[in-house]
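Data block for structure_32.csv (CSV, C-alpha atoms):
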```
chain,number,residue,atom,x,y,z
A,17,GLN,CA,-38.2,-31.9,5.4
A,18,ASP,CA,-35.6,-29.2,6.3
A,19,TYR,CA,-33.0,-30.9,4.1
A,20,LEU,CA,-35.5,-31.0,1.2
A,21,LEU,CA,-36.3,-27.3,1.7
A,22,ALA,CA,-32.6,-26.4,1.7
A,23,HIS,CA,-32.1,-28.5,-1.5
A,24,THR,CA,-35.1,-26.7,-3.2
A,25,LEU,CA,-33.8,-23.3,-2.2
A,26,ALA,CA,-30.3,-24.1,-3.5
A,27,VAL,CA,-31.8,-25.3,-6.8
A,28,VAL,CA,-33.8,-22.1,-7.1
A,29,ALA,CA,-30.5,-20.1,-6.5
A,30,VAL,CA,-28.8,-22.1,-9.2
A,31,SER,CA,-31.7,-21.5,-11.6
A,32,ARG,CA,-31.4,-17.8,-11.0
A,33,GLY,CA,-27.7,-17.9,-12.0
A,34,ASP,CA,-25.9,-18.4,-8.6
A,35,GLU,CA,-23.3,-21.0,-9.5
A,36,SER,CA,-22.0,-20.9,-6.0
A,37,ALA,CA,-25.1,-22.8,-5.0
A,38,LEU,CA,-24.2,-25.9,-7.1
A,39,TRP,CA,-22.3,-27.6,-4.3
A,40,ILE,CA,-24.9,-26.9,-1.6
A,41,ALA,CA,-27.6,-28.3,-3.9
A,42,SER,CA,-25.7,-31.5,-4.1
A,43,ALA,CA,-24.8,-31.6,-0.4
A,44,THR,CA,-28.4,-31.0,0.7
A,45,LEU,CA,-29.6,-33.9,-1.5
A,46,ASP,CA,-26.9,-36.2,-0.1
A,47,ARG,CA,-27.9,-35.1,3.5
A,48,TYR,CA,-31.6,-35.7,2.7
A,49,LEU,CA,-30.8,-39.2,1.4
A,50,TRP,CA,-28.9,-40.0,4.6
A,51,ALA,CA,-31.8,-38.7,6.7
A,52,ILE,CA,-34.1,-41.2,5.0
A,53,GLN,CA,-31.5,-43.9,5.3
A,54,GLN,CA,-30.6,-44.1,1.7
A,55,PRO,CA,-27.0,-43.9,0.2
A,56,GLN,CA,-25.7,-40.5,-0.8
A,57,ILE,CA,-24.9,-40.1,-4.5
A,58,TYR,CA,-22.5,-37.2,-4.7
A,59,GLY,CA,-20.1,-38.0,-1.8
A,60,THR,CA,-20.4,-34.7,0.0
A,61,GLN,CA,-21.1,-36.2,3.4
A,62,PHE,CA,-18.5,-37.6,5.8
A,63,THR,CA,-19.2,-39.0,9.3
A,64,ARG,CA,-17.4,-40.9,12.0
A,65,PRO,CA,-19.5,-43.5,13.8
A,66,ARG,CA,-19.4,-43.0,17.5
A,67,GLU,CA,-18.6,-46.6,18.5
A,68,GLY,CA,-15.0,-46.8,19.6
A,69,GLY,CA,-13.7,-43.9,17.6
A,70,ALA,CA,-14.2,-45.6,14.3
A,71,ALA,CA,-12.7,-44.3,11.1
A,72,TRP,CA,-14.2,-41.5,9.0
A,73,THR,CA,-16.6,-42.7,6.3
A,74,GLN,CA,-18.9,-41.6,3.5
A,75,GLU,CA,-21.0,-44.7,3.7
A,76,PRO,CA,-23.6,-45.4,2.8
A,77,TYR,CA,-22.6,-44.0,-0.6
A,78,ASP,CA,-23.7,-45.3,-4.1
A,79,ARG,CA,-20.7,-44.2,-6.2
A,80,ALA,CA,-22.2,-45.5,-9.4
A,81,VAL,CA,-25.2,-43.1,-9.7
A,82,VAL,CA,-23.2,-40.0,-10.6
A,83,SER,CA,-20.1,-39.7,-12.8
A,84,ASP,CA,-17.1,-37.7,-11.8
A,85,ALA,CA,-17.8,-35.5,-14.9
A,86,LEU,CA,-21.1,-34.6,-13.4
A,87,ARG,CA,-19.6,-34.1,-9.9
A,88,ARG,CA,-17.2,-31.6,-11.5
A,89,ALA,CA,-20.0,-29.8,-13.2
A,90,LEU,CA,-21.8,-29.5,-9.8
A,91,GLN,CA,-18.6,-28.3,-8.1
A,92,VAL,CA,-18.3,-31.5,-6.1
A,93,LYS,CA,-15.0,-33.3,-5.6
A,94,THR,CA,-14.3,-36.3,-7.8
A,95,GLN,CA,-14.1,-39.7,-6.2
A,96,PRO,CA,-10.3,-39.7,-6.2
A,97,GLU,CA,-10.4,-36.2,-4.6
A,98,GLN,CA,-12.9,-37.4,-2.0
A,99,GLN,CA,-10.6,-40.4,-1.2
A,100,LYS,CA,-7.7,-37.9,-0.6
A,101,GLN,CA,-9.9,-35.8,1.7
A,102,LEU,CA,-11.0,-38.9,3.6
A,103,GLU,CA,-7.3,-39.9,4.1
A,104,SER,CA,-6.5,-36.4,5.2
A,105,MET,CA,-9.3,-36.5,7.7
A,106,GLU,CA,-8.1,-39.8,9.1
A,107,SER,CA,-4.5,-38.6,9.5
A,108,GLY,CA,-5.7,-35.4,11.3
A,109,PRO,CA,-6.3,-35.0,15.1
A,110,ARG,CA,-9.0,-37.2,16.6
```
Entire entry expressed as structure tokens:
Amino acid sequence: QDYLLAHTLAVVAVSRGDESALWIASATLDRYLWAIQQPQIYGTQFTRPREGGAAWTQEPYDRAVVSDALRRALQVKTQPEQQKQLESMESGPR
């Protein structure tokens, strides 16, 4: 419920003209989807499973729901940009 409340507050901020809240509106929806064990749709969330120091991942992630054009409009990185971020996270310190 906290993630839904955060999402709702971000949407209200956007509706009042605060464009800086666009990304957080997307991120809170992704986080909520993960919390209810559904795939994220924007690709804002990254995690590293604890078992054996596994690689960083965005999964579960349904990449087909939202286009990169819509991601850009919401100030979310495109899928190629997300892939670069993931690679950068993997090459960084563990």
Computed interatomic separation between atom CA of Pro96 of chain A and atom CA of Asp46 of chain A (Å):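 Between these atoms lies a distance of 18.0 Å.
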Residue contacts of Ser36 of chain A (10 Å, all atoms listed in the file) excluding same-chain residues fewer than 4 positions away, as a PyMOL selection string: chain A and resi 26+29-30+40-41+90-91
Distance of atom CA of Leu45 of chain A from atom CA of Thr63 of chain A, expressed in Å to one decimal place: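 Straight-line distance from atom CA of Thr63 of chain A to atom CA of Leu45 of chain A works out to 15.8 Å.
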For atom CA of Thr44 of chain A and atom CA of Leu20 of chain A, the interatomic separation in Å (one decimal):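 About the pair atom CA of Thr44 of chain A and atom CA of Leu20 of chain A: they are 7.1 Å apart.
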Residue contacts of segment 72-76 of chain A (9 Å, all atoms listed in the file) excluding same-chain residues fewer than 2 positions away, as a list in words: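 Answer for this query is Trp50, Gln53, Gln54, Pro55, Gln56, Gly59, Thr60, Gln61, Phe62, Thr63, Arg64, Pro65, Gly69, Ala70, Asp78, Leu102, Glu103, Met105 and Glu106 of chain A.
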Contact residues around segment 79-83 of chain A with all atoms listed in the file at 7 Å, ignoring same-chain residues under 3 positions, as an MDAnalysis selection string: chainID A and resid 57:58 86:87
Counting all atoms listed in the file, the option among A:Ser31, A:Arg66, A:Ala71, A:Ile52 closest to Ser107 of chain A: A:Ala71
Pick from A:Leu49, A:Ser104, A:Asp84, A:Ala37 nearest to Leu25 of chain A, counting all atoms listed in the file: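 For Leu25 of chain A, the nearest of the given residues is A:Ala37.
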Nearest to Ala22 of chain A, chosen from A:Glu97, A:Arg47, A:Glu35, A:Ala89, with only C-alpha atoms counted in the distances: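 For Ala22 of chain A, the nearest of the candidates is A:Arg47.
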Residue nearest Arg88 of chain A among A:Leu21, A:Leu38, A:Val27, A:Ala51 (counting all atoms listed in the file):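 The answer is A:Leu38, which sits nearest to Arg88 of chain A.
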Assuming the input is short of atoms at segment 30-64 of chain A, produce N, CA and C atoms for that part as a PDB file, in the coordinates of the input.
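Below you can see selection.pdb, which holds the result:
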```
ATOM      1  N   VAL A  30     -29.528 -21.701  -8.011  1.00  0.00           N
ATOM      2  CA  VAL A  30     -28.800 -22.100  -9.200  1.00  0.00           C
ATOM      3  C   VAL A  30     -29.600 -21.646 -10.458  1.00  0.00           C
ATOM      4  N   SER A  31     -30.907 -21.859 -10.429  1.00  0.00           N
ATOM      5  CA  SER A  31     -31.700 -21.500 -11.600  1.00  0.00           C
ATOM      6  C   SER A  31     -31.731 -20.004 -11.854  1.00  0.00           C
ATOM      7  N   ARG A  32     -31.429 -19.242 -10.808  1.00  0.00           N
ATOM      8  CA  ARG A  32     -31.400 -17.800 -11.000  1.00  0.00           C
ATOM      9  C   ARG A  32     -29.937 -17.310 -11.263  1.00  0.00           C
ATOM     10  N   GLY A  33     -29.046 -18.263 -11.544  1.00  0.00           N
ATOM     11  CA  GLY A  33     -27.700 -17.900 -12.000  1.00  0.00           C
ATOM     12  C   GLY A  33     -26.628 -17.922 -10.928  1.00  0.00           C
ATOM     13  N   ASP A  34     -26.930 -18.354  -9.719  1.00  0.00           N
ATOM     14  CA  ASP A  34     -25.900 -18.400  -8.600  1.00  0.00           C
ATOM     15  C   ASP A  34     -25.197 -19.726  -8.672  1.00  0.00           C
ATOM     16  N   GLU A  35     -24.092 -19.767  -9.416  1.00  0.00           N
ATOM     17  CA  GLU A  35     -23.300 -21.000  -9.500  1.00  0.00           C
ATOM     18  C   GLU A  35     -22.698 -21.450  -8.233  1.00  0.00           C
ATOM     19  N   SER A  36     -22.549 -20.532  -7.291  1.00  0.00           N
ATOM     20  CA  SER A  36     -22.000 -20.900  -6.000  1.00  0.00           C
ATOM     21  C   SER A  36     -22.911 -21.833  -5.220  1.00  0.00           C
ATOM     22  N   ALA A  37     -24.150 -21.940  -5.641  1.00  0.00           N
ATOM     23  CA  ALA A  37     -25.100 -22.800  -5.000  1.00  0.00           C
ATOM     24  C   ALA A  37     -25.103 -24.236  -5.506  1.00  0.00           C
ATOM     25  N   LEU A  38     -24.291 -24.514  -6.522  1.00  0.00           N
ATOM     26  CA  LEU A  38     -24.200 -25.900  -7.100  1.00  0.00           C
ATOM     27  C   LEU A  38     -23.842 -26.905  -6.066  1.00  0.00           C
ATOM     28  N   TRP A  39     -22.764 -26.631  -5.318  1.00  0.00           N
ATOM     29  CA  TRP A  39     -22.300 -27.600  -4.300  1.00  0.00           C
ATOM     30  C   TRP A  39     -23.335 -27.832  -3.250  1.00  0.00           C
ATOM     31  N   ILE A  40     -23.920 -26.769  -2.733  1.00  0.00           N
ATOM     32  CA  ILE A  40     -24.900 -26.900  -1.600  1.00  0.00           C
ATOM     33  C   ILE A  40     -26.134 -27.658  -2.114  1.00  0.00           C
ATOM     34  N   ALA A  41     -26.508 -27.508  -3.376  1.00  0.00           N
ATOM     35  CA  ALA A  41     -27.600 -28.300  -3.900  1.00  0.00           C
ATOM     36  C   ALA A  41     -27.321 -29.766  -3.862  1.00  0.00           C
ATOM     37  N   SER A  42     -26.102 -30.119  -4.198  1.00  0.00           N
ATOM     38  CA  SER A  42     -25.700 -31.500  -4.100  1.00  0.00           C
ATOM     39  C   SER A  42     -25.602 -32.011  -2.704  1.00  0.00           C
ATOM     40  N   ALA A  43     -24.997 -31.206  -1.844  1.00  0.00           N
ATOM     41  CA  ALA A  43     -24.800 -31.600  -0.400  1.00  0.00           C
ATOM     42  C   ALA A  43     -26.131 -31.777   0.291  1.00  0.00           C
ATOM     43  N   THR A  44     -27.085 -30.900   0.002  1.00  0.00           N
ATOM     44  CA  THR A  44     -28.400 -31.000   0.700  1.00  0.00           C
ATOM     45  C   THR A  44     -29.136 -32.264   0.229  1.00  0.00           C
ATOM     46  N   LEU A  45     -28.978 -32.631  -1.032  1.00  0.00           N
ATOM     47  CA  LEU A  45     -29.600 -33.900  -1.500  1.00  0.00           C
ATOM     48  C   LEU A  45     -28.958 -35.073  -0.827  1.00  0.00           C
ATOM     49  N   ASP A  46     -27.628 -35.077  -0.761  1.00  0.00           N
ATOM     50  CA  ASP A  46     -26.900 -36.200  -0.100  1.00  0.00           C
ATOM     51  C   ASP A  46     -27.384 -36.258   1.396  1.00  0.00           C
ATOM     52  N   ARG A  47     -27.477 -35.127   2.069  1.00  0.00           N
ATOM     53  CA  ARG A  47     -27.900 -35.100   3.500  1.00  0.00           C
ATOM     54  C   ARG A  47     -29.316 -35.637   3.630  1.00  0.00           C
ATOM     55  N   TYR A  48     -30.187 -35.234   2.715  1.00  0.00           N
ATOM     56  CA  TYR A  48     -31.600 -35.700   2.700  1.00  0.00           C
ATOM     57  C   TYR A  48     -31.584 -37.253   2.560  1.00  0.00           C
ATOM     58  N   LEU A  49     -30.817 -37.742   1.607  1.00  0.00           N
ATOM     59  CA  LEU A  49     -30.800 -39.200   1.400  1.00  0.00           C
ATOM     60  C   LEU A  49     -30.332 -39.921   2.636  1.00  0.00           C
ATOM     61  N   TRP A  50     -29.314 -39.410   3.296  1.00  0.00           N
ATOM     62  CA  TRP A  50     -28.900 -40.000   4.600  1.00  0.00           C
ATOM     63  C   TRP A  50     -30.003 -39.989   5.590  1.00  0.00           C
ATOM     64  N   ALA A  51     -30.718 -38.864   5.658  1.00  0.00           N
ATOM     65  CA  ALA A  51     -31.800 -38.700   6.700  1.00  0.00           C
ATOM     66  C   ALA A  51     -32.893 -39.747   6.463  1.00  0.00           C
ATOM     67  N   ILE A  52     -33.113 -40.166   5.215  1.00  0.00           N
ATOM     68  CA  ILE A  52     -34.100 -41.200   5.000  1.00  0.00           C
ATOM     69  C   ILE A  52     -33.495 -42.577   4.813  1.00  0.00           C
ATOM     70  N   GLN A  53     -32.253 -42.679   5.299  1.00  0.00           N
ATOM     71  CA  GLN A  53     -31.500 -43.900   5.300  1.00  0.00           C
ATOM     72  C   GLN A  53     -31.299 -44.566   3.967  1.00  0.00           C
ATOM     73  N   GLN A  54     -30.922 -43.692   3.025  1.00  0.00           N
ATOM     74  CA  GLN A  54     -30.600 -44.100   1.700  1.00  0.00           C
ATOM     75  C   GLN A  54     -29.116 -43.662   1.415  1.00  0.00           C
ATOM     76  N   PRO A  55     -28.420 -44.313   0.490  1.00  0.00           N
ATOM     77  CA  PRO A  55     -27.000 -43.900   0.200  1.00  0.00           C
ATOM     78  C   PRO A  55     -26.973 -42.542  -0.473  1.00  0.00           C
ATOM     79  N   GLN A  56     -25.984 -41.747  -0.074  1.00  0.00           N
ATOM     80  CA  GLN A  56     -25.700 -40.500  -0.800  1.00  0.00           C
ATOM     81  C   GLN A  56     -25.238 -40.822  -2.188  1.00  0.00           C
ATOM     82  N   ILE A  57     -25.324 -39.851  -3.090  1.00  0.00           N
ATOM     83  CA  ILE A  57     -24.900 -40.100  -4.500  1.00  0.00           C
ATOM     84  C   ILE A  57     -23.796 -39.231  -4.976  1.00  0.00           C
ATOM     85  N   TYR A  58     -23.516 -38.120  -4.291  1.00  0.00           N
ATOM     86  CA  TYR A  58     -22.500 -37.200  -4.700  1.00  0.00           C
ATOM     87  C   TYR A  58     -21.170 -37.397  -3.915  1.00  0.00           C
ATOM     88  N   GLY A  59     -21.300 -37.838  -2.683  1.00  0.00           N
ATOM     89  CA  GLY A  59     -20.100 -38.000  -1.800  1.00  0.00           C
ATOM     90  C   GLY A  59     -19.726 -36.783  -1.064  1.00  0.00           C
ATOM     91  N   THR A  60     -20.691 -35.945  -0.725  1.00  0.00           N
ATOM     92  CA  THR A  60     -20.400 -34.700   0.000  1.00  0.00           C
ATOM     93  C   THR A  60     -20.401 -34.873   1.501  1.00  0.00           C
ATOM     94  N   GLN A  61     -20.931 -35.977   1.982  1.00  0.00           N
ATOM     95  CA  GLN A  61     -21.100 -36.200   3.400  1.00  0.00           C
ATOM     96  C   GLN A  61     -20.091 -37.137   3.995  1.00  0.00           C
ATOM     97  N   PHE A  62     -19.511 -36.750   5.127  1.00  0.00           N
ATOM     98  CA  PHE A  62     -18.500 -37.600   5.800  1.00  0.00           C
ATOM     99  C   PHE A  62     -19.009 -37.691   7.292  1.00  0.00           C
ATOM    100  N   THR A  63     -18.800 -38.842   7.878  1.00  0.00           N
ATOM    101  CA  THR A  63     -19.200 -39.000   9.300  1.00  0.00           C
ATOM    102  C   THR A  63     -18.202 -39.999   9.923  1.00  0.00           C
ATOM    103  N   ARG A  64     -18.160 -39.925  11.233  1.00  0.00           N
ATOM    104  CA  ARG A  64     -17.400 -40.900  12.000  1.00  0.00           C
ATOM    105  C   ARG A  64     -18.332 -41.530  13.006  1.00  0.00           C
TER     106      ARG A  64
END
```
